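J.: Just dropping this structure here.
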Amino acid sequence: MAGLASGDASAVRMIALAERLRVLREFQPTMSAERARQAAEEADGAAYSDAVSRYAALGRDELRDAARALVSA
């Protein structure tokens, strides 16, 4: 969420990846999964949809690699 607020383009992909990895972030009400998803869609809906589609097809090992790549970028 901090990345979205600061305009970091990779934050949208991080939210999509966190959802796919089922990362728990239910700190209601400010950090609910629904609010994070809405914020990502509002920031860049096309990038969010693209990331969701890309991550949906990945297996566990590939998701781990994607997370490493995104965090190290």
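In the structure tokens, the first chain shown is A, the next is B, and so on; residue numbers restart at 1 for each chain, and ligands run from 1 in the order shown.
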Could you list, as a list in words, every residue within 12 Å of stretch 60-69 of chain A, counting only C-alpha atoms and ignoring same-chain residues fewer than 2 positions away?
T.: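 In the requested format, the answer is Ser10, Ala11, Arg13, Met14, Ile15, Ala16, Leu17, Ala18, Glu19, Arg20, Leu21, Arg22, Val23, Ala51, Val52, Arg54, Tyr55, Ala56, Ala57, Leu58, Val71, Ser72 and Ala73 of chain A.
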J.: How would the residues just chosen look if you wrote them out with N, CA, C and O atoms as a PDB file, in the first residue's frame?
T.:
```pdb
ATOM      1  N   SER A  10       5.575  -1.064  -9.470  1.00  0.00           N
ATOM      2  CA  SER A  10       5.679  -2.486  -9.141  1.00  0.00           C
ATOM      3  C   SER A  10       4.751  -2.880  -7.991  1.00  0.00           C
ATOM      4  O   SER A  10       4.490  -4.061  -7.778  1.00  0.00           O
ATOM      5  N   ALA A  11       4.217  -1.915  -7.265  1.00  0.00           N
ATOM      6  CA  ALA A  11       3.327  -2.214  -6.147  1.00  0.00           C
ATOM      7  C   ALA A  11       2.060  -2.930  -6.612  1.00  0.00           C
ATOM      8  O   ALA A  11       1.536  -3.795  -5.906  1.00  0.00           O
ATOM      9  N   ARG A  13       1.852  -5.045  -9.093  1.00  0.00           N
ATOM     10  CA  ARG A  13       2.238  -6.444  -9.293  1.00  0.00           C
ATOM     11  C   ARG A  13       2.443  -7.152  -7.959  1.00  0.00           C
ATOM     12  O   ARG A  13       2.117  -8.321  -7.812  1.00  0.00           O
ATOM     13  N   MET A  14       2.973  -6.443  -6.980  1.00  0.00           N
ATOM     14  CA  MET A  14       3.180  -7.051  -5.654  1.00  0.00           C
ATOM     15  C   MET A  14       1.861  -7.448  -5.015  1.00  0.00           C
ATOM     16  O   MET A  14       1.763  -8.511  -4.406  1.00  0.00           O
ATOM     17  N   ILE A  15       0.859  -6.615  -5.163  1.00  0.00           N
ATOM     18  CA  ILE A  15      -0.453  -6.939  -4.601  1.00  0.00           C
ATOM     19  C   ILE A  15      -1.035  -8.162  -5.295  1.00  0.00           C
ATOM     20  O   ILE A  15      -1.547  -9.083  -4.656  1.00  0.00           O
ATOM     21  N   ALA A  16      -0.938  -8.221  -6.616  1.00  0.00           N
ATOM     22  CA  ALA A  16      -1.441  -9.375  -7.364  1.00  0.00           C
ATOM     23  C   ALA A  16      -0.689 -10.648  -6.966  1.00  0.00           C
ATOM     24  O   ALA A  16      -1.296 -11.711  -6.782  1.00  0.00           O
ATOM     25  N   LEU A  17       0.612 -10.544  -6.802  1.00  0.00           N
ATOM     26  CA  LEU A  17       1.412 -11.699  -6.415  1.00  0.00           C
ATOM     27  C   LEU A  17       1.087 -12.136  -4.990  1.00  0.00           C
ATOM     28  O   LEU A  17       0.962 -13.328  -4.711  1.00  0.00           O
ATOM     29  N   ALA A  18       0.909 -11.198  -4.093  1.00  0.00           N
ATOM     30  CA  ALA A  18       0.548 -11.524  -2.707  1.00  0.00           C
ATOM     31  C   ALA A  18      -0.788 -12.251  -2.655  1.00  0.00           C
ATOM     32  O   ALA A  18      -0.952 -13.214  -1.902  1.00  0.00           O
ATOM     33  N   GLU A  19      -1.742 -11.824  -3.479  1.00  0.00           N
ATOM     34  CA  GLU A  19      -3.031 -12.518  -3.532  1.00  0.00           C
ATOM     35  C   GLU A  19      -2.853 -13.950  -4.017  1.00  0.00           C
ATOM     36  O   GLU A  19      -3.442 -14.880  -3.468  1.00  0.00           O
ATOM     37  N   ARG A  20      -2.042 -14.122  -5.044  1.00  0.00           N
ATOM     38  CA  ARG A  20      -1.834 -15.459  -5.609  1.00  0.00           C
ATOM     39  C   ARG A  20      -1.121 -16.369  -4.618  1.00  0.00           C
ATOM     40  O   ARG A  20      -1.407 -17.571  -4.530  1.00  0.00           O
ATOM     41  N   LEU A  21      -0.214 -15.791  -3.831  1.00  0.00           N
ATOM     42  CA  LEU A  21       0.507 -16.565  -2.818  1.00  0.00           C
ATOM     43  C   LEU A  21      -0.310 -16.726  -1.539  1.00  0.00           C
ATOM     44  O   LEU A  21       0.125 -17.396  -0.613  1.00  0.00           O
ATOM     45  N   ARG A  22      -1.460 -16.095  -1.510  1.00  0.00           N
ATOM     46  CA  ARG A  22      -2.368 -16.140  -0.361  1.00  0.00           C
ATOM     47  C   ARG A  22      -1.717 -15.615   0.910  1.00  0.00           C
ATOM     48  O   ARG A  22      -1.821 -16.205   1.980  1.00  0.00           O
ATOM     49  N   VAL A  23      -1.038 -14.496   0.754  1.00  0.00           N
ATOM     50  CA  VAL A  23      -0.410 -13.835   1.889  1.00  0.00           C
ATOM     51  C   VAL A  23      -1.498 -13.206   2.742  1.00  0.00           C
ATOM     52  O   VAL A  23      -2.347 -12.477   2.234  1.00  0.00           O
ATOM     53  N   ALA A  51      -1.049  -8.698 -14.320  1.00  0.00           N
ATOM     54  CA  ALA A  51      -0.294  -9.430 -13.300  1.00  0.00           C
ATOM     55  C   ALA A  51      -1.106 -10.600 -12.763  1.00  0.00           C
ATOM     56  O   ALA A  51      -0.578 -11.708 -12.597  1.00  0.00           O
ATOM     57  N   VAL A  52      -2.384 -10.389 -12.520  1.00  0.00           N
ATOM     58  CA  VAL A  52      -3.243 -11.476 -12.026  1.00  0.00           C
ATOM     59  C   VAL A  52      -3.243 -12.626 -13.039  1.00  0.00           C
ATOM     60  O   VAL A  52      -3.111 -13.794 -12.671  1.00  0.00           O
ATOM     61  N   ARG A  54      -0.958 -13.344 -15.369  1.00  0.00           N
ATOM     62  CA  ARG A  54       0.365 -13.990 -15.439  1.00  0.00           C
ATOM     63  C   ARG A  54       0.608 -14.910 -14.259  1.00  0.00           C
ATOM     64  O   ARG A  54       1.103 -16.020 -14.413  1.00  0.00           O
ATOM     65  N   TYR A  55       0.272 -14.440 -13.058  1.00  0.00           N
ATOM     66  CA  TYR A  55       0.542 -15.227 -11.862  1.00  0.00           C
ATOM     67  C   TYR A  55      -0.408 -16.413 -11.723  1.00  0.00           C
ATOM     68  O   TYR A  55      -0.068 -17.413 -11.095  1.00  0.00           O
ATOM     69  N   ALA A  56      -1.582 -16.334 -12.316  1.00  0.00           N
ATOM     70  CA  ALA A  56      -2.553 -17.426 -12.220  1.00  0.00           C
ATOM     71  C   ALA A  56      -2.031 -18.716 -12.838  1.00  0.00           C
ATOM     72  O   ALA A  56      -2.363 -19.809 -12.386  1.00  0.00           O
ATOM     73  N   ALA A  57      -1.212 -18.587 -13.861  1.00  0.00           N
ATOM     74  CA  ALA A  57      -0.716 -19.763 -14.572  1.00  0.00           C
ATOM     75  C   ALA A  57       0.557 -20.357 -13.964  1.00  0.00           C
ATOM     76  O   ALA A  57       1.013 -21.401 -14.404  1.00  0.00           O
ATOM     77  N   LEU A  58       1.113 -19.710 -12.955  1.00  0.00           N
ATOM     78  CA  LEU A  58       2.388 -20.159 -12.396  1.00  0.00           C
ATOM     79  C   LEU A  58       2.205 -21.176 -11.278  1.00  0.00           C
ATOM     80  O   LEU A  58       1.271 -21.072 -10.484  1.00  0.00           O
ATOM     81  N   VAL A  71      10.891  -8.511  -5.709  1.00  0.00           N
ATOM     82  CA  VAL A  71      11.447  -7.882  -4.512  1.00  0.00           C
ATOM     83  C   VAL A  71      12.850  -7.364  -4.761  1.00  0.00           C
ATOM     84  O   VAL A  71      13.224  -6.311  -4.269  1.00  0.00           O
ATOM     85  N   SER A  72      13.624  -8.065  -5.571  1.00  0.00           N
ATOM     86  CA  SER A  72      15.002  -7.651  -5.813  1.00  0.00           C
ATOM     87  C   SER A  72      15.114  -6.538  -6.853  1.00  0.00           C
ATOM     88  O   SER A  72      16.160  -5.922  -6.991  1.00  0.00           O
ATOM     89  N   ALA A  73      14.029  -6.279  -7.579  1.00  0.00           N
ATOM     90  CA  ALA A  73      14.066  -5.242  -8.630  1.00  0.00           C
ATOM     91  C   ALA A  73      14.098  -3.851  -8.057  1.00  0.00           C
ATOM     92  O   ALA A  73      13.747  -3.529  -7.013  1.00  0.00           O
TER      93      ALA A  73
END
```
J.: Distance atom CA of A:Ala5-atom CA of A:Asp44, one decimal place?
T.: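 Spanning atom CA of A:Ala5 to atom CA of A:Asp44 is a straight-line distance of 12.1 Å.
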J.: Excluding same-chain residues fewer than 6 positions from A:Gln38, what lies within 12 Å of it counting only C-alpha atoms, as an MDAnalysis selection string?
T.: chainID A and resid 1 4 12 15:16 30:32 44:45 48:49
J.: Any chance you can output those residues with all heavy atoms as a tab-separated table (two decimals), in the first residue's frame?
T.:
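Dumped everything to result_39.tsv:
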```
chain	number	residue	atom	x	y	z
A	1	MET	N	0.82	-1.18	0.00
A	1	MET	CA	0.00	0.00	0.00
A	1	MET	C	0.87	1.25	0.00
A	1	MET	O	0.52	2.23	-0.64
A	1	MET	CB	-0.93	-0.02	1.22
A	1	MET	CG	-1.95	-1.15	1.20
A	1	MET	SD	-3.04	-1.14	-0.24
A	1	MET	CE	-4.04	0.26	0.08
A	4	LEU	N	1.93	1.87	-3.54
A	4	LEU	CA	0.87	2.48	-4.34
A	4	LEU	C	0.75	3.97	-4.04
A	4	LEU	O	0.62	4.78	-4.95
A	4	LEU	CB	-0.48	1.81	-4.06
A	4	LEU	CG	-0.68	0.41	-4.63
A	4	LEU	CD1	-2.05	-0.10	-4.22
A	4	LEU	CD2	-0.52	0.39	-6.13
A	12	VAL	N	1.58	-2.60	-7.79
A	12	VAL	CA	0.39	-3.26	-8.34
A	12	VAL	C	0.68	-4.74	-8.55
A	12	VAL	O	-0.12	-5.61	-8.18
A	12	VAL	CB	-0.05	-2.59	-9.66
A	12	VAL	CG1	-1.15	-3.36	-10.34
A	12	VAL	CG2	-0.49	-1.16	-9.39
A	15	ILE	N	0.86	-6.62	-5.16
A	15	ILE	CA	-0.45	-6.94	-4.60
A	15	ILE	C	-1.03	-8.16	-5.29
A	15	ILE	O	-1.55	-9.08	-4.66
A	15	ILE	CB	-1.40	-5.73	-4.67
A	15	ILE	CG1	-0.93	-4.68	-3.67
A	15	ILE	CG2	-2.85	-6.15	-4.40
A	15	ILE	CD1	-1.68	-3.38	-3.73
A	16	ALA	N	-0.94	-8.22	-6.62
A	16	ALA	CA	-1.44	-9.38	-7.36
A	16	ALA	C	-0.69	-10.65	-6.97
A	16	ALA	O	-1.30	-11.71	-6.78
A	16	ALA	CB	-1.32	-9.14	-8.87
A	30	THR	N	-8.11	-1.09	7.48
A	30	THR	CA	-7.22	-0.38	6.57
A	30	THR	C	-6.44	-1.27	5.63
A	30	THR	O	-6.05	-0.83	4.56
A	30	THR	CB	-6.22	0.49	7.37
A	30	THR	OG1	-5.49	-0.35	8.25
A	30	THR	CG2	-6.94	1.57	8.14
A	31	MET	N	-6.17	-2.48	5.99
A	31	MET	CA	-5.34	-3.35	5.15
A	31	MET	C	-6.09	-4.60	4.70
A	31	MET	O	-5.51	-5.65	4.52
A	31	MET	CB	-4.08	-3.76	5.91
A	31	MET	CG	-3.13	-2.62	6.14
A	31	MET	SD	-2.49	-1.91	4.63
A	31	MET	CE	-1.48	-3.24	4.04
A	32	SER	N	-7.37	-4.51	4.51
A	32	SER	CA	-8.13	-5.67	4.06
A	32	SER	C	-7.73	-6.03	2.63
A	32	SER	O	-7.26	-5.19	1.87
A	32	SER	CB	-9.63	-5.39	4.12
A	32	SER	OG	-10.01	-4.48	3.11
A	44	ASP	N	-3.66	1.23	-11.34
A	44	ASP	CA	-3.36	0.82	-12.72
A	44	ASP	C	-4.09	-0.49	-12.99
A	44	ASP	O	-3.54	-1.57	-12.84
A	44	ASP	CB	-1.85	0.66	-12.92
A	44	ASP	CG	-1.47	0.47	-14.38
A	44	ASP	OD1	-2.35	0.11	-15.19
A	44	ASP	OD2	-0.30	0.68	-14.71
A	45	GLY	N	-5.34	-0.36	-13.37
A	45	GLY	CA	-6.19	-1.53	-13.59
A	45	GLY	C	-5.65	-2.50	-14.62
A	45	GLY	O	-5.72	-3.72	-14.45
A	48	TYR	N	-2.67	-4.39	-13.15
A	48	TYR	CA	-3.14	-5.34	-12.14
A	48	TYR	C	-3.75	-6.57	-12.81
A	48	TYR	O	-3.43	-7.70	-12.46
A	48	TYR	CB	-4.15	-4.66	-11.21
A	48	TYR	CG	-4.76	-5.62	-10.21
A	48	TYR	CD1	-4.03	-6.04	-9.12
A	48	TYR	CD2	-6.04	-6.10	-10.38
A	48	TYR	CE1	-4.57	-6.94	-8.21
A	48	TYR	CE2	-6.59	-6.99	-9.48
A	48	TYR	CZ	-5.86	-7.40	-8.40
A	48	TYR	OH	-6.39	-8.29	-7.51
A	49	SER	N	-4.62	-6.36	-13.79
A	49	SER	CA	-5.25	-7.48	-14.50
A	49	SER	C	-4.21	-8.34	-15.20
A	49	SER	O	-4.30	-9.57	-15.19
A	49	SER	CB	-6.25	-6.96	-15.53
A	49	SER	OG	-7.32	-6.35	-14.88
```
J.: DSSP on the backbone, helix (DSSP H, G or I) only: what residues of chain A does that give? Format it as a ChimeraX atom specification.
T.: /A:2-6,10-20,33-56,60-72
J.: Using only C-alpha atoms for the distances, tell me which of A:Glu42, A:Leu70, A:Gly59, A:Asp50 is nearest to A:Gly7.
T.: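 With only C-alpha atoms as the atom set, the closest residue is A:Glu42.
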